[in-house]
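Pasting start17.pdb here (PDB, C-alpha atoms):
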```pdb
ATOM      1  CA  MET A 309       0.000   0.000   0.000
ATOM      2  CA  LYS A 310       1.422   3.360  -0.999
ATOM      3  CA  TYR A 311       1.153   6.462   1.132
ATOM      4  CA  GLY A 312       0.978  10.065   0.044
ATOM      5  CA  VAL A 313       2.617  12.941   1.863
ATOM      6  CA  ILE A 314      -0.564  14.923   2.542
ATOM      7  CA  THR A 315      -1.197  15.283   6.263
ATOM      8  CA  GLY A 316      -3.799  17.097   8.277
ATOM      9  CA  LEU A 317      -5.217  17.391  11.767
ATOM     10  CA  MET A 318      -8.011  14.950  12.500
ATOM     11  CA  PHE A 319      -9.333  13.992  15.945
ATOM     12  CA  GLY A 320      -6.291  15.709  17.476
ATOM     13  CA  ALA A 321      -3.944  13.513  15.445
ATOM     14  CA  ALA A 322      -1.679  13.926  12.462
ATOM     15  CA  VAL A 323      -3.267  11.944   9.646
ATOM     16  CA  THR A 324      -1.550  10.665   6.531
ATOM     17  CA  VAL A 325      -3.784  10.553   3.462
ATOM     18  CA  PHE A 326      -3.281   7.519   1.258
ATOM     19  CA  GLY A 327      -1.901   7.940  -2.217
ATOM     20  CA  ALA A 328      -2.522   5.786  -5.268
ATOM     21  CA  ASP A 329      -3.579   2.546  -3.560
ATOM     22  CA  PRO A 330      -6.114   3.129  -0.761
ATOM     23  CA  ALA A 331      -7.471   0.205   1.209
ATOM     24  CA  VAL A 332     -10.778  -1.174  -0.063
ATOM     25  CA  PHE A 333     -13.020  -3.753   1.596
ATOM     26  CA  SER A 334     -15.810  -5.121  -0.596
ATOM     27  CA  PHE A 335     -18.872  -7.213   0.225
ATOM     28  CA  LYS A 336     -22.517  -7.698  -0.727
ATOM     29  CA  THR A 337     -25.778  -7.025   1.056
ATOM     30  CA  GLY A 338     -28.346  -8.851  -1.013
ATOM     31  CA  GLU A 339     -28.279  -7.279  -4.466
ATOM     32  CA  PHE A 340     -26.177  -4.319  -3.301
ATOM     33  CA  GLN A 341     -22.436  -4.185  -3.875
ATOM     34  CA  ILE A 342     -20.834  -2.236  -1.012
ATOM     35  CA  ASP A 343     -17.228  -1.043  -0.997
ATOM     36  CA  MET A 344     -15.577   0.560   2.011
ATOM     37  CA  LEU A 345     -12.736   2.874   0.988
ATOM     38  CA  VAL A 346     -10.158   4.115   3.487
ATOM     39  CA  GLU A 347      -9.563   7.828   2.972
ATOM     40  CA  SER A 348      -7.019   8.319   5.740
ATOM     41  CA  ARG A 349      -5.433   6.500   8.642
ATOM     42  CA  GLY A 350      -3.243   7.630  11.508
ATOM     43  CA  PRO A 351      -2.696   7.597  15.263
ATOM     44  CA  GLY A 352      -5.438   9.044  17.467
ATOM     45  CA  ARG A 353      -5.213  10.815  20.800
ATOM     46  CA  PRO A 354      -7.181   9.690  23.853
ATOM     47  CA  SER A 355      -7.614  13.321  24.918
ATOM     48  CA  ILE A 356     -10.682  13.526  22.670
ATOM     49  CA  LEU A 357     -12.545  11.114  24.995
ATOM     50  CA  LEU A 358     -14.772  12.812  27.570
ATOM     51  CA  GLY A 359     -14.961  11.639  31.188
ATOM     52  CA  LEU A 360     -12.726   8.592  30.789
ATOM     53  CA  GLY A 361     -10.848   7.830  34.017
ATOM     54  CA  GLY A 362      -7.208   6.799  34.131
ATOM     55  CA  GLU A 363      -8.037   3.239  35.165
ATOM     56  CA  GLN A 364     -10.508   2.866  32.304
ATOM     57  CA  LEU A 365      -8.023   4.412  29.893
ATOM     58  CA  GLU A 366      -5.362   1.902  30.843
ATOM     59  CA  LYS A 367      -7.841  -0.973  30.582
ATOM     60  CA  TYR A 368      -9.228  -0.139  27.142
ATOM     61  CA  LEU A 369      -6.342   1.835  25.610
ATOM     62  CA  PRO A 370      -3.167   0.480  27.206
ATOM     63  CA  GLY A 371      -0.419   2.918  26.391
ATOM     64  CA  GLY A 372      -2.992   5.424  25.165
ATOM     65  CA  ASP A 373      -2.716   4.326  21.540
ATOM     66  CA  PHE A 374      -5.460   3.813  19.000
ATOM     67  CA  GLN A 375      -5.806   4.004  15.249
ATOM     68  CA  SER A 376      -8.029   6.620  13.632
ATOM     69  CA  GLU A 377      -9.509   6.210  10.170
ATOM     70  CA  VAL A 378     -11.707   8.212   7.842
ATOM     71  CA  ASN A 379     -13.779   5.949   5.585
ATOM     72  CA  VAL A 380     -16.243   6.336   2.736
ATOM     73  CA  PHE A 381     -18.826   3.819   1.513
ATOM     74  CA  LEU A 382     -19.720   3.226  -2.129
ATOM     75  CA  VAL A 383     -23.072   1.483  -2.618
ATOM     76  CA  ARG A 384     -24.180   0.139  -6.003
ATOM     77  CA  GLY A 385     -27.505  -1.505  -6.780
ATOM     78  CA  ARG A 386     -31.089  -1.046  -7.964
ATOM     79  CA  GLY A 387     -29.975   1.288 -10.705
ATOM     80  CA  HIS A 388     -28.009   3.700  -8.505
ATOM     81  CA  THR A 389     -24.372   4.427  -7.717
ATOM     82  CA  VAL A 390     -24.265   6.052  -4.297
ATOM     83  CA  LEU A 391     -21.527   7.506  -2.128
ATOM     84  CA  VAL A 392     -22.119   7.814   1.585
ATOM     85  CA  ASP A 393     -19.918  10.786   2.564
ATOM     86  CA  THR A 394     -16.901  11.943   0.570
ATOM     87  CA  GLY A 395     -14.093  12.010   3.137
ATOM     88  CA  PHE A 396     -11.383  14.586   2.562
ATOM     89  CA  GLY A 397     -11.685  14.034  -1.193
ATOM     90  CA  GLN A 398      -8.137  12.746  -1.606
ATOM     91  CA  ALA A 399      -7.696   8.968  -1.744
ATOM     92  CA  LEU A 400     -11.413   8.572  -2.465
ATOM     93  CA  PHE A 401     -10.954   9.188  -6.171
ATOM     94  CA  ASP A 402      -8.031   6.777  -6.458
ATOM     95  CA  GLY A 403     -10.111   4.139  -4.716
ATOM     96  CA  MET A 404     -13.067   4.694  -7.018
ATOM     97  CA  LYS A 405     -10.813   4.488 -10.053
ATOM     98  CA  LYS A 406      -9.448   1.192  -8.781
ATOM     99  CA  LEU A 407     -13.033  -0.071  -8.639
ATOM    100  CA  GLY A 408     -13.751   1.187 -12.159
ATOM    101  CA  VAL A 409     -16.155   3.906 -10.998
ATOM    102  CA  GLU A 410     -15.776   7.402 -12.441
ATOM    103  CA  PRO A 411     -17.084  10.454 -10.521
ATOM    104  CA  GLY A 412     -19.615  11.034 -13.299
ATOM    105  CA  ALA A 413     -21.172   7.628 -12.609
ATOM    106  CA  VAL A 414     -22.193   8.645  -9.069
ATOM    107  CA  ASP A 415     -25.825   9.768  -9.148
ATOM    108  CA  THR A 416     -26.333  10.228  -5.388
ATOM    109  CA  VAL A 417     -24.237  11.430  -2.460
ATOM    110  CA  LEU A 418     -25.697  10.816   0.995
ATOM    111  CA  ILE A 419     -24.194  12.958   3.746
ATOM    112  CA  THR A 420     -24.240  11.693   7.327
ATOM    113  CA  HIS A 421     -23.217  15.152   8.590
ATOM    114  CA  MET A 422     -21.272  18.184   7.480
ATOM    115  CA  HIS A 423     -17.906  17.927   9.195
ATOM    116  CA  GLY A 424     -14.985  18.555   6.861
ATOM    117  CA  ASP A 425     -13.828  14.949   6.753
ATOM    118  CA  HIS A 426     -17.241  13.980   5.349
ATOM    119  CA  ILE A 427     -17.859  16.743   2.797
ATOM    120  CA  GLY A 428     -14.304  17.524   1.706
ATOM    121  CA  GLY A 429     -14.724  15.576  -1.521
ATOM    122  CA  LEU A 430     -17.913  17.282  -2.680
ATOM    123  CA  ALA A 431     -16.374  20.261  -4.444
ATOM    124  CA  ARG A 432     -13.081  21.889  -5.357
ATOM    125  CA  ASP A 433     -12.361  25.359  -6.731
ATOM    126  CA  GLY A 434     -16.084  26.046  -7.014
ATOM    127  CA  ARG A 435     -16.691  22.906  -9.070
ATOM    128  CA  ALA A 436     -18.874  19.931  -8.167
ATOM    129  CA  LEU A 437     -16.652  16.848  -8.167
ATOM    130  CA  PHE A 438     -19.665  14.601  -8.837
ATOM    131  CA  PRO A 439     -21.219  16.397 -11.809
ATOM    132  CA  ARG A 440     -24.396  14.280 -12.058
ATOM    133  CA  ALA A 441     -25.066  13.647  -8.390
ATOM    134  CA  LYS A 442     -27.873  14.804  -6.162
ATOM    135  CA  VAL A 443     -26.737  15.489  -2.609
ATOM    136  CA  TYR A 444     -29.024  14.413   0.238
ATOM    137  CA  LEU A 445     -28.706  15.545   3.857
ATOM    138  CA  ALA A 446     -31.001  16.035   6.812
ATOM    139  CA  ALA A 447     -32.795  19.386   6.800
ATOM    140  CA  ARG A 448     -31.717  20.268  10.329
ATOM    141  CA  GLU A 449     -28.100  19.433   9.494
ATOM    142  CA  ARG A 450     -28.125  21.704   6.461
ATOM    143  CA  ASP A 451     -29.849  24.514   8.326
ATOM    144  CA  TYR A 452     -27.489  24.334  11.301
ATOM    145  CA  TRP A 453     -24.289  24.545   9.283
ATOM    146  CA  LEU A 454     -25.437  26.991   6.637
ATOM    147  CA  ASN A 455     -26.675  29.323   9.386
ATOM    148  CA  SER A 456     -23.519  28.990  11.492
ATOM    149  CA  ALA A 457     -21.420  32.132  11.444
ATOM    150  CA  GLY A 458     -18.148  31.686   9.635
ATOM    151  CA  ASN A 459     -18.898  28.202   8.327
ATOM    152  CA  ALA A 460     -17.774  28.875   4.790
ATOM    153  CA  ALA A 461     -16.766  25.233   4.232
ATOM    154  CA  ALA A 462     -20.368  23.974   4.274
ATOM    155  CA  ARG A 463     -21.556  26.655   1.910
ATOM    156  CA  THR A 464     -18.597  26.103  -0.414
ATOM    157  CA  ALA A 465     -19.196  22.342  -0.502
ATOM    158  CA  LEU A 466     -22.898  22.587  -1.359
ATOM    159  CA  ALA A 467     -23.003  25.686  -3.592
ATOM    160  CA  PRO A 468     -21.865  23.999  -6.848
ATOM    161  CA  TYR A 469     -24.754  21.519  -6.587
ATOM    162  CA  GLY A 470     -27.399  24.248  -6.530
ATOM    163  CA  GLY A 471     -30.870  22.762  -6.937
ATOM    164  CA  ARG A 472     -29.441  19.231  -6.744
ATOM    165  CA  VAL A 473     -29.213  19.507  -2.952
ATOM    166  CA  GLU A 474     -32.204  17.781  -1.371
ATOM    167  CA  THR A 475     -33.101  17.655   2.309
ATOM    168  CA  PHE A 476     -35.148  15.124   4.255
ATOM    169  CA  GLN A 477     -36.437  14.386   7.747
ATOM    170  CA  PRO A 478     -34.746  11.211   9.039
ATOM    171  CA  GLY A 479     -36.983   8.767  10.877
ATOM    172  CA  ASP A 480     -36.551   6.004  13.435
ATOM    173  CA  LEU A 481     -34.623   2.778  12.884
ATOM    174  CA  GLY A 482     -37.434   0.926  14.593
ATOM    175  CA  GLY A 483     -39.917   2.064  11.939
ATOM    176  CA  GLY A 484     -40.812   5.112   9.917
ATOM    177  CA  ALA A 485     -37.392   5.837   8.422
ATOM    178  CA  PRO A 486     -38.019   7.365   4.980
ATOM    179  CA  GLU A 487     -36.787   5.577   1.870
ATOM    180  CA  LEU A 488     -34.577   8.034  -0.034
ATOM    181  CA  LEU A 489     -33.740   5.582  -2.809
ATOM    182  CA  PRO A 490     -34.951   2.030  -3.445
ATOM    183  CA  GLY A 491     -33.556   0.001  -0.550
ATOM    184  CA  ILE A 492     -31.910   2.916   1.288
ATOM    185  CA  ARG A 493     -33.512   4.503   4.346
ATOM    186  CA  ALA A 494     -32.448   7.433   6.542
ATOM    187  CA  ALA A 495     -32.689   7.339  10.348
ATOM    188  CA  ALA A 496     -31.885   9.961  12.968
ATOM    189  CA  ALA A 497     -28.859   9.566  15.250
ATOM    190  CA  PHE A 498     -28.574  13.147  16.450
ATOM    191  CA  GLY A 499     -25.929  14.340  18.900
ATOM    192  CA  HIS A 500     -22.588  14.191  17.151
ATOM    193  CA  THR A 501     -24.093  17.005  15.097
ATOM    194  CA  PRO A 502     -27.665  18.350  15.165
ATOM    195  CA  GLY A 503     -28.753  16.367  12.106
ATOM    196  CA  HIS A 504     -26.389  13.393  12.142
ATOM    197  CA  THR A 505     -27.992  10.612  10.087
ATOM    198  CA  VAL A 506     -27.438   6.886   9.625
ATOM    199  CA  PHE A 507     -28.370   5.009   6.446
ATOM    200  CA  LEU A 508     -29.906   1.543   6.342
ATOM    201  CA  ILE A 509     -29.339  -0.577   3.229
ATOM    202  CA  GLU A 510     -32.038  -3.227   2.737
ATOM    203  CA  SER A 511     -32.305  -6.028   0.185
ATOM    204  CA  GLY A 512     -34.852  -8.687   1.020
ATOM    205  CA  ALA A 513     -33.994 -10.045   4.460
ATOM    206  CA  GLU A 514     -30.444  -8.673   4.331
ATOM    207  CA  LYS A 515     -29.521  -5.329   5.877
ATOM    208  CA  PHE A 516     -26.433  -3.201   6.469
ATOM    209  CA  LEU A 517     -26.281  -0.009   8.516
ATOM    210  CA  ILE A 518     -23.816   2.772   7.699
ATOM    211  CA  TRP A 519     -23.653   4.756  10.917
ATOM    212  CA  GLY A 520     -21.336   7.645  10.113
ATOM    213  CA  ASP A 521     -19.732   9.115  13.241
ATOM    214  CA  LEU A 522     -21.733   7.232  15.815
ATOM    215  CA  MET A 523     -18.375   6.092  17.160
ATOM    216  CA  HIS A 524     -14.805   7.417  16.998
ATOM    217  CA  VAL A 525     -12.730   5.160  19.290
ATOM    218  CA  GLU A 526     -14.066   1.634  18.987
ATOM    219  CA  LYS A 527     -11.803   0.125  21.665
ATOM    220  CA  VAL A 528     -13.530   2.363  24.209
ATOM    221  CA  GLN A 529     -16.984   3.159  22.879
ATOM    222  CA  PHE A 530     -18.153  -0.388  22.226
ATOM    223  CA  PRO A 531     -17.617  -1.501  25.830
ATOM    224  CA  LEU A 532     -18.428   1.990  27.204
ATOM    225  CA  PRO A 533     -21.055   3.485  24.872
ATOM    226  CA  GLY A 534     -21.742   6.324  27.301
ATOM    227  CA  VAL A 535     -18.320   7.846  26.564
ATOM    228  CA  SER A 536     -18.519  10.666  24.025
ATOM    229  CA  VAL A 537     -15.828  12.764  22.331
ATOM    230  CA  SER A 538     -14.938  16.427  22.275
ATOM    231  CA  TYR A 539     -16.130  16.697  18.657
ATOM    232  CA  ASP A 540     -19.733  15.898  19.599
ATOM    233  CA  THR A 541     -22.001  18.942  19.404
ATOM    234  CA  ASP A 542     -24.148  17.454  22.179
ATOM    235  CA  PRO A 543     -22.212  14.701  24.020
ATOM    236  CA  GLU A 544     -25.239  13.491  26.007
ATOM    237  CA  ALA A 545     -27.427  13.199  22.912
ATOM    238  CA  ALA A 546     -24.566  11.495  21.041
ATOM    239  CA  ALA A 547     -24.262   8.898  23.813
ATOM    240  CA  ALA A 548     -28.024   8.301  23.813
ATOM    241  CA  SER A 549     -28.036   7.796  20.025
ATOM    242  CA  ARG A 550     -25.042   5.468  20.240
ATOM    243  CA  LYS A 551     -26.703   3.313  22.907
ATOM    244  CA  GLN A 552     -29.945   3.178  20.944
ATOM    245  CA  VAL A 553     -28.310   2.201  17.650
ATOM    246  CA  LEU A 554     -25.984  -0.350  19.261
ATOM    247  CA  ALA A 555     -28.933  -2.001  21.014
ATOM    248  CA  TRP A 556     -30.917  -2.075  17.768
ATOM    249  CA  ALA A 557     -28.033  -3.500  15.708
ATOM    250  CA  ALA A 558     -27.266  -6.191  18.300
ATOM    251  CA  ALA A 559     -30.906  -7.190  18.802
ATOM    252  CA  ASN A 560     -31.666  -7.331  15.084
ATOM    253  CA  ARG A 561     -28.314  -8.836  14.092
ATOM    254  CA  VAL A 562     -27.763  -6.138  11.491
ATOM    255  CA  PRO A 563     -24.108  -5.651  10.459
ATOM    256  CA  VAL A 564     -22.796  -2.106  10.625
ATOM    257  CA  GLY A 565     -20.114   0.061   9.079
ATOM    258  CA  GLY A 566     -18.640   3.315  10.300
ATOM    259  CA  MET A 567     -16.548   6.193   9.040
ATOM    260  CA  HIS A 568     -14.135   5.870  11.979
ATOM    261  CA  LEU A 569     -14.123   2.133  12.590
ATOM    262  CA  VAL A 570     -10.809   0.593  11.587
ATOM    263  CA  TYR A 571     -10.398  -1.624   8.526
ATOM    264  CA  PRO A 572     -12.473  -3.506   7.472
ATOM    265  CA  ALA A 573     -14.796  -1.015   9.226
ATOM    266  CA  ALA A 574     -17.731  -3.406   8.855
ATOM    267  CA  GLY A 575     -19.002  -6.169  11.122
ATOM    268  CA  ARG A 576     -21.506  -7.244  13.737
ATOM    269  CA  VAL A 577     -22.340  -5.805  17.134
ATOM    270  CA  GLN A 578     -22.729  -8.240  20.026
ATOM    271  CA  THR A 579     -23.717  -7.585  23.607
ATOM    272  CA  ASP A 580     -20.916  -8.052  26.119
ATOM    273  CA  GLY A 581     -21.890  -7.527  29.742
ATOM    274  CA  ALA A 582     -23.140  -3.958  30.179
ATOM    275  CA  GLY A 583     -21.577  -2.933  26.867
ATOM    276  CA  TYR A 584     -20.870  -4.348  23.428
ATOM    277  CA  ARG A 585     -18.124  -5.843  21.331
ATOM    278  CA  PHE A 586     -17.468  -5.671  17.609
ATOM    279  CA  VAL A 587     -16.850  -8.689  15.361
ATOM    280  CA  PRO A 588     -15.301  -7.512  12.063
ATOM    281  CA  MET A 589     -16.264  -9.046   8.752
ATOM    282  CA  GLU A 590     -13.706 -11.334   7.149
TER     283      GLU A 590
END
```
Could you show the structure in this file as structure tokens?
Amino acid sequence: MKYGVITGLMFGAAVTVFGADPAVFSFKTGEFQIDMLVESRGPGRPSILLGLGGEQLEKYLPGGDFQSEVNVFLVRGRGHTVLVDTGFGQALFDGMKKLGVEPGAVDTVLITHMHGDHIGGLARDGRALFPRAKVYLAARERDYWLNSAGNAAARTALAPYGGRVETFQPGDLGGGAPELLPGIRAAAAFGHTPGHTVFLIESGAEKFLIWGDLMHVEKVQFPLPGVSVSYDTDPEAAAASRKQVLAWAAANRVPVGGMHLVYPAAGRVQTDGAGYRFVPME
């Protein structure tokens, strides 16, 4: 695997963005082809974790080390080519090329939330990088960021798409989540940001949940889902959403994928005492 020299600050850590050969993990959910692409990977800092005691830190992060990733999901099926988030917009395009997917083939971009490591690949120099795509995001997420003073990044990312930006009201994973595209539903998981959204892929009896930034440090937040991070807009609401989604995924045996889970960034959630554990796909 080759590495580029582009670095940036992410989760309080220096992050190296992959060059020409980003990591890709591919699998199927019914008739959907799903590819997880690693946009960046680097060491994280435990200082982002809120309210974690020294004893707990040593138990779950001995030495204080953990790996941080930024991931993007490409979903193809039922006549659509869909990106869920766009990462920083660096290694993403190399990964897509490796899969034989050109930016012009993407007809839909689903945004979990509008942090820079999720919308960085939408536009560059005032130009939409996915020229055919509609961009979907929760109405309250769009309104929050576009109305935030000084948040030029959100406006710059969305402006080139003009009337191709569509908003929605995410529903509940337990029922009532709206279907944005055939087989793809949007559910609320507010807290990390005001409109943070998870996307459920459904094909017959098979399901896969892409949960965005529900979790940042898996070694800690699976066993201790009440621990939030300094990047959460509302840490208490983020913890409540995390607990709710983890319980739902474990009870319904629905595999999940996340933008900050480490490679392969997809697997099953199982209960483990008062918390949970993650079993990666193979």
Hey, what comes out of the PyMOL selection byres ((chain A and resi 380) around 7) on this file? Could you write it as a PyMOL selection string?
chain A and resi 344-347+379+381-382+392-395+567
Selected residues, C-alpha atoms, written as an mmCIF file, in the coordinates of the input, please.
```cif
data_model
loop_
_atom_site.group_PDB
_atom_site.id
_atom_site.type_symbol
_atom_site.label_atom_id
_atom_site.label_comp_id
_atom_site.auth_asym_id
_atom_site.auth_seq_id
_atom_site.Cartn_x
_atom_site.Cartn_y
_atom_site.Cartn_z
ATOM 1 C CA MET A 344 -15.577 0.560 2.011
ATOM 2 C CA LEU A 345 -12.736 2.874 0.988
ATOM 3 C CA VAL A 346 -10.158 4.115 3.487
ATOM 4 C CA GLU A 347 -9.563 7.828 2.972
ATOM 5 C CA ASN A 379 -13.779 5.949 5.585
ATOM 6 C CA PHE A 381 -18.826 3.819 1.513
ATOM 7 C CA LEU A 382 -19.720 3.226 -2.129
ATOM 8 C CA VAL A 392 -22.119 7.814 1.585
ATOM 9 C CA ASP A 393 -19.918 10.786 2.564
ATOM 10 C CA THR A 394 -16.901 11.943 0.570
ATOM 11 C CA GLY A 395 -14.093 12.010 3.137
ATOM 12 C CA MET A 567 -16.548 6.193 9.040
#
```
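Distances from A:His426, A:Val390, A:Arg440, A:Ala465 to Leu488 in chain A were compared using all atoms listed in the file, and the smallest one belongs to A:Val390.
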CA of Tyr469 in chain A to CA of Phe516 in chain A measures 28.0 Å
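Under the PyMOL selection byres ((chain A and resi 541-558) around 8), the matching residues in the shown file are Leu481, Gly482, Ala497, Phe498, Gly499, His500, Thr501, Pro502, Leu522, Met523, Pro533, Gly534, Val535, Ser536, Val537, Ser538, Tyr539, Asp540, Ala559, Asn560, Arg561, Val562, Pro563, Val564, Arg576, Val577, Gln578, Thr579 and Tyr584 of chain A.
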Apply the PyMOL selection byres ((chain A and resi 333) around 7) to the structure shown and report the selected residues as a list in words.
Ala331, Val332, Ser334, Phe335, Asp343, Met344, Leu345 and Pro572 of chain A
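With CA of Ala399 in chain A on one side and CA of Val378 in chain A on the other, the separation reads 10.4 Å.
Picture a line from CA of Tyr368 in chain A to CA of Pro351 in chain A; it runs 15.6 Å.
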List the neighbours of Glu526 in chain A out to 9 Å using all atoms listed in the file; skip same-chain residues closer than 2 positions along the sequence, and give me the result as a count of residues only.
12
Reconstructed range 335-355 of chain A, atom set N, CA and C atoms, as a PDB file, keeping the file's coordinate frame:
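This went into selection-v4.pdb:
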```pdb
ATOM      1  N   PHE A 335     -17.962  -6.144  -0.177  1.00  0.00           N
ATOM      2  CA  PHE A 335     -18.872  -7.213   0.225  1.00  0.00           C
ATOM      3  C   PHE A 335     -20.240  -6.930  -0.376  1.00  0.00           C
ATOM      4  N   LYS A 336     -21.164  -7.859  -0.197  1.00  0.00           N
ATOM      5  CA  LYS A 336     -22.517  -7.698  -0.727  1.00  0.00           C
ATOM      6  C   LYS A 336     -23.536  -7.737   0.396  1.00  0.00           C
ATOM      7  N   THR A 337     -24.585  -6.952   0.226  1.00  0.00           N
ATOM      8  CA  THR A 337     -25.778  -7.025   1.056  1.00  0.00           C
ATOM      9  C   THR A 337     -26.934  -7.268   0.101  1.00  0.00           C
ATOM     10  N   GLY A 338     -27.335  -8.514  -0.024  1.00  0.00           N
ATOM     11  CA  GLY A 338     -28.346  -8.851  -1.013  1.00  0.00           C
ATOM     12  C   GLY A 338     -27.863  -8.474  -2.397  1.00  0.00           C
ATOM     13  N   GLU A 339     -28.656  -7.672  -3.105  1.00  0.00           N
ATOM     14  CA  GLU A 339     -28.279  -7.279  -4.466  1.00  0.00           C
ATOM     15  C   GLU A 339     -27.366  -6.056  -4.504  1.00  0.00           C
ATOM     16  N   PHE A 340     -27.046  -5.491  -3.346  1.00  0.00           N
ATOM     17  CA  PHE A 340     -26.177  -4.319  -3.301  1.00  0.00           C
ATOM     18  C   PHE A 340     -24.703  -4.719  -3.179  1.00  0.00           C
ATOM     19  N   GLN A 341     -23.881  -4.098  -4.017  1.00  0.00           N
ATOM     20  CA  GLN A 341     -22.436  -4.185  -3.875  1.00  0.00           C
ATOM     21  C   GLN A 341     -21.994  -3.007  -3.007  1.00  0.00           C
ATOM     22  N   ILE A 342     -21.283  -3.295  -1.916  1.00  0.00           N
ATOM     23  CA  ILE A 342     -20.834  -2.236  -1.012  1.00  0.00           C
ATOM     24  C   ILE A 342     -19.314  -2.303  -0.913  1.00  0.00           C
ATOM     25  N   ASP A 343     -18.674  -1.150  -1.091  1.00  0.00           N
ATOM     26  CA  ASP A 343     -17.228  -1.043  -0.997  1.00  0.00           C
ATOM     27  C   ASP A 343     -16.884   0.008   0.043  1.00  0.00           C
ATOM     28  N   MET A 344     -16.084  -0.379   1.027  1.00  0.00           N
ATOM     29  CA  MET A 344     -15.577   0.560   2.011  1.00  0.00           C
ATOM     30  C   MET A 344     -14.196   1.006   1.555  1.00  0.00           C
ATOM     31  N   LEU A 345     -14.005   2.321   1.424  1.00  0.00           N
ATOM     32  CA  LEU A 345     -12.736   2.874   0.988  1.00  0.00           C
ATOM     33  C   LEU A 345     -12.113   3.669   2.128  1.00  0.00           C
ATOM     34  N   VAL A 346     -10.861   3.368   2.458  1.00  0.00           N
ATOM     35  CA  VAL A 346     -10.158   4.115   3.487  1.00  0.00           C
ATOM     36  C   VAL A 346      -9.614   5.396   2.883  1.00  0.00           C
ATOM     37  N   GLU A 347     -10.039   6.519   3.425  1.00  0.00           N
ATOM     38  CA  GLU A 347      -9.563   7.828   2.972  1.00  0.00           C
ATOM     39  C   GLU A 347      -8.292   8.238   3.693  1.00  0.00           C
ATOM     40  N   SER A 348      -8.215   7.969   4.982  1.00  0.00           N
ATOM     41  CA  SER A 348      -7.019   8.319   5.740  1.00  0.00           C
ATOM     42  C   SER A 348      -6.899   7.426   6.959  1.00  0.00           C
ATOM     43  N   ARG A 349      -5.689   7.349   7.470  1.00  0.00           N
ATOM     44  CA  ARG A 349      -5.433   6.500   8.642  1.00  0.00           C
ATOM     45  C   ARG A 349      -4.250   7.085   9.401  1.00  0.00           C
ATOM     46  N   GLY A 350      -4.345   7.108  10.712  1.00  0.00           N
ATOM     47  CA  GLY A 350      -3.243   7.630  11.508  1.00  0.00           C
ATOM     48  C   GLY A 350      -3.502   7.423  12.982  1.00  0.00           C
ATOM     49  N   PRO A 351      -2.532   7.768  13.822  1.00  0.00           N
ATOM     50  CA  PRO A 351      -2.696   7.597  15.263  1.00  0.00           C
ATOM     51  C   PRO A 351      -3.666   8.599  15.842  1.00  0.00           C
ATOM     52  N   GLY A 352      -4.511   8.154  16.780  1.00  0.00           N
ATOM     53  CA  GLY A 352      -5.438   9.044  17.467  1.00  0.00           C
ATOM     54  C   GLY A 352      -4.915   9.434  18.841  1.00  0.00           C
ATOM     55  N   ARG A 353      -5.602  10.368  19.468  1.00  0.00           N
ATOM     56  CA  ARG A 353      -5.213  10.815  20.800  1.00  0.00           C
ATOM     57  C   ARG A 353      -6.367  10.593  21.773  1.00  0.00           C
ATOM     58  N   PRO A 354      -6.109   9.962  22.895  1.00  0.00           N
ATOM     59  CA  PRO A 354      -7.181   9.690  23.853  1.00  0.00           C
ATOM     60  C   PRO A 354      -7.765  10.939  24.485  1.00  0.00           C
ATOM     61  N   SER A 355      -7.113  12.080  24.326  1.00  0.00           N
ATOM     62  CA  SER A 355      -7.614  13.321  24.918  1.00  0.00           C
ATOM     63  C   SER A 355      -8.961  13.746  24.351  1.00  0.00           C
TER      64      SER A 355
END
```
